[in-house]
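*Asks:* Have a look at the structure that comes next, please.
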Amino acid sequence: MSNPRPLEEEAYDMSGARLALTLCVTKAREGSEADLEALERMFQRLGFESTMKRDPTAQQFQEEMEKFQQAIDAREDFVSCAFVVLMAHGLEGHLQGEDGQMVELENLFKVLNNRNCQALRAKPKVYIVQACRGEQRDPGETVGGDNIVMITKDNLQTIPTHTDTLHIYSTVEGYISYRHDKEGSYFIQTLVDVFSERKGPILELLTEVTRRMAEAELVQEGEARKVNPEIQSTLRKRLYLQ
């Protein structure tokens with residue numbers, strides 16, 4: 001067997017503008033301000049132009065996303081990437097606005113896809129979602145020991161609508177997400193720590209976030225709980241933030 005060749009490392013061009021939008025429902029979500037403060041510090045450190053909106057209604061979630069897309073496409077300078085942070089109560093596939101109404105996550109995600117946002121076409125779009133995705137709770141499990149057809153290889157002329165996107169959820173499908181009423185959510189605080197303190201491709205940073213969260217034990221109403229994020233990626237290149 002011949003020796004396998006290492007992957008050619010191709011990275012996204014991060015020399016241009018880095019843009020971030022945070023939409024956060026703080027009503028009945030104690031600890032949200034701690035998360036917002038941590039995110040603002042992280043975005044400032046990583047060179048992002050950051051916009052934060054508190055307590056959007058379900059309709060305003062959609063409207064703010066569309067305003068963000070229009071502002072990006074109206075820029076005359078080179079845009080490298082966009083981060084969108086969404087924090088609210090939720091169920092799988094939905095977020096709850098400040099008014100108690102629900103908005104579909106997929107409708108928010110599609111606003112910046114390769115079809116709808118020209119300035120971000122083939123550029124990384126990262127979504128960070130801090131919200132419950134169900135009502136299940138994970139008590140953890142005990143572990144021991146260490147225990148399609150290729151059609152063409154031509155140069156890329158077009159790209160799929162949904163590439164160059166990274167979705168980072170605070171918990172897996174069907175499970176609740178945890179938040180401390182003073183210190184904020186363990187997910188956001190861990191992500192900010194890793195993104196601020198470590199260098200490397202973003203997917204490797206997210207592996208570290210997952211490791212730290214998986215090793216921690218949360219206590220809710222006297223019961224030990226485990227939680228881990230879920231990462232869904234269609235990135236075509238490595239994404240470095242610093």
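If you're wondering about the labels, chains in the structure tokens are A, B, ... by order shown, residues count from 1 in each chain, ligands from 1 in order shown.
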Write out as a PyMOL selection string all residues of region 32-194 of chain A that DSSP puts in strand (DSSP E) for this structure's backbone.
*Replies:* chain A and resi 48-54+79-87+90-91+94-96+102-104+125-130+134-136+165-169+174-175+179-180+184-185
*Asks:* Those same residues - C-alpha atoms - I'd like them written as an mmCIF file, in the first residue's frame.
*Replies:*
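What landed in result.cif:
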```
data_model
loop_
_atom_site.group_PDB
_atom_site.id
_atom_site.type_symbol
_atom_site.label_atom_id
_atom_site.label_comp_id
_atom_site.auth_asym_id
_atom_site.auth_seq_id
_atom_site.Cartn_x
_atom_site.Cartn_y
_atom_site.Cartn_z
ATOM 1 C CA PHE A 48 -14.910 41.601 14.649
ATOM 2 C CA GLU A 49 -17.317 44.452 14.034
ATOM 3 C CA SER A 50 -19.986 43.356 16.484
ATOM 4 C CA THR A 51 -23.675 44.289 16.741
ATOM 5 C CA MET A 52 -25.852 43.100 19.612
ATOM 6 C CA LYS A 53 -29.630 43.283 19.898
ATOM 7 C CA ARG A 54 -31.453 42.434 23.108
ATOM 8 C CA VAL A 79 -15.836 40.762 3.818
ATOM 9 C CA SER A 80 -14.110 37.666 5.188
ATOM 10 C CA CYS A 81 -16.781 36.040 7.332
ATOM 11 C CA ALA A 82 -19.890 36.467 9.455
ATOM 12 C CA PHE A 83 -20.758 35.136 12.885
ATOM 13 C CA VAL A 84 -24.348 35.004 14.115
ATOM 14 C CA VAL A 85 -25.089 34.229 17.768
ATOM 15 C CA LEU A 86 -28.687 33.320 18.646
ATOM 16 C CA MET A 87 -29.663 32.981 22.308
ATOM 17 C CA GLY A 90 -36.130 27.046 22.200
ATOM 18 C CA LEU A 91 -37.276 23.679 20.975
ATOM 19 C CA HIS A 94 -37.221 26.865 16.725
ATOM 20 C CA LEU A 95 -36.365 29.845 18.932
ATOM 21 C CA GLN A 96 -38.796 31.737 21.143
ATOM 22 C CA MET A 102 -41.602 30.987 17.730
ATOM 23 C CA VAL A 103 -39.310 31.523 14.746
ATOM 24 C CA GLU A 104 -37.852 28.724 12.615
ATOM 25 C CA LYS A 125 -20.844 31.757 7.958
ATOM 26 C CA VAL A 126 -20.811 30.607 11.580
ATOM 27 C CA TYR A 127 -23.975 30.217 13.670
ATOM 28 C CA ILE A 128 -23.740 29.795 17.439
ATOM 29 C CA VAL A 129 -27.059 28.737 18.977
ATOM 30 C CA GLN A 130 -27.510 28.827 22.758
ATOM 31 C CA GLY A 134 -35.959 19.580 23.615
ATOM 32 C CA GLU A 135 -36.671 18.582 27.205
ATOM 33 C CA GLN A 136 -34.488 15.519 27.725
ATOM 34 C CA THR A 165 -21.570 27.192 6.845
ATOM 35 C CA LEU A 166 -20.892 26.101 10.415
ATOM 36 C CA HIS A 167 -23.706 25.509 12.906
ATOM 37 C CA ILE A 168 -22.705 25.218 16.565
ATOM 38 C CA TYR A 169 -25.508 24.201 18.920
ATOM 39 C CA GLY A 174 -33.903 16.722 21.887
ATOM 40 C CA TYR A 175 -32.019 17.928 24.977
ATOM 41 C CA ARG A 179 -27.465 28.382 31.944
ATOM 42 C CA HIS A 180 -26.323 29.713 35.329
ATOM 43 C CA GLY A 184 -24.120 32.650 32.136
ATOM 44 C CA SER A 185 -24.290 29.501 30.028
#
```
*Asks:* Applying 7 Å and only C-alpha atoms, which residues near Pro56 (chain A) remain after dropping the ones on its own chain fewer than 5 positions away? List them as a ChimeraX atom specification.
*Replies:* /A:23,25,61,97-98
*Asks:* Please dump the current selection as a PDB file, in the first residue's frame; keep N, CA, C and O atoms.
*Replies:*
```pdb
ATOM      1  N   LEU A  23     -28.152  38.132  18.633  1.00  0.00           N
ATOM      2  CA  LEU A  23     -29.555  38.370  18.978  1.00  0.00           C
ATOM      3  C   LEU A  23     -29.853  37.550  20.220  1.00  0.00           C
ATOM      4  O   LEU A  23     -29.782  36.320  20.191  1.00  0.00           O
ATOM      5  N   VAL A  25     -32.388  36.979  23.681  1.00  0.00           N
ATOM      6  CA  VAL A  25     -33.536  37.217  24.557  1.00  0.00           C
ATOM      7  C   VAL A  25     -33.039  37.106  25.998  1.00  0.00           C
ATOM      8  O   VAL A  25     -32.556  36.045  26.418  1.00  0.00           O
ATOM      9  N   PHE A  61     -36.323  38.713  15.137  1.00  0.00           N
ATOM     10  CA  PHE A  61     -35.215  37.810  14.819  1.00  0.00           C
ATOM     11  C   PHE A  61     -35.023  37.777  13.303  1.00  0.00           C
ATOM     12  O   PHE A  61     -33.908  37.908  12.791  1.00  0.00           O
ATOM     13  N   GLY A  97     -39.124  34.065  20.626  1.00  0.00           N
ATOM     14  CA  GLY A  97     -38.860  35.490  20.739  1.00  0.00           C
ATOM     15  C   GLY A  97     -39.308  36.040  22.076  1.00  0.00           C
ATOM     16  O   GLY A  97     -39.962  35.357  22.876  1.00  0.00           O
ATOM     17  N   GLU A  98     -38.988  37.312  22.337  1.00  0.00           N
ATOM     18  CA  GLU A  98     -39.363  37.963  23.591  1.00  0.00           C
ATOM     19  C   GLU A  98     -40.875  37.980  23.769  1.00  0.00           C
ATOM     20  O   GLU A  98     -41.381  37.996  24.897  1.00  0.00           O
TER      21      GLU A  98
END
```
*Asks:* May I ask which of the residues A:Cys132, A:Ala216, A:Leu241, A:Ala28 is the closest one to Val172 (chain A), counting only C-alpha atoms?
*Replies:*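 With only C-alpha atoms as the atom set, the closest residue is A:Cys132.
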*Asks:* Using only C-alpha atoms, which residue out of A:Phe78, A:Glu30, A:Gln62, A:Thr161 lies closest to Met14 (chain A)?
*Replies:* A:Phe78
*Asks:* So what do you get for CA of Ala119 (chain A) versus CA of Asp73 (chain A), distance-wise?
*Replies:*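 Taking CA of Ala119 (chain A) as the start and CA of Asp73 (chain A) as the end point, the length is 5.2 Å.
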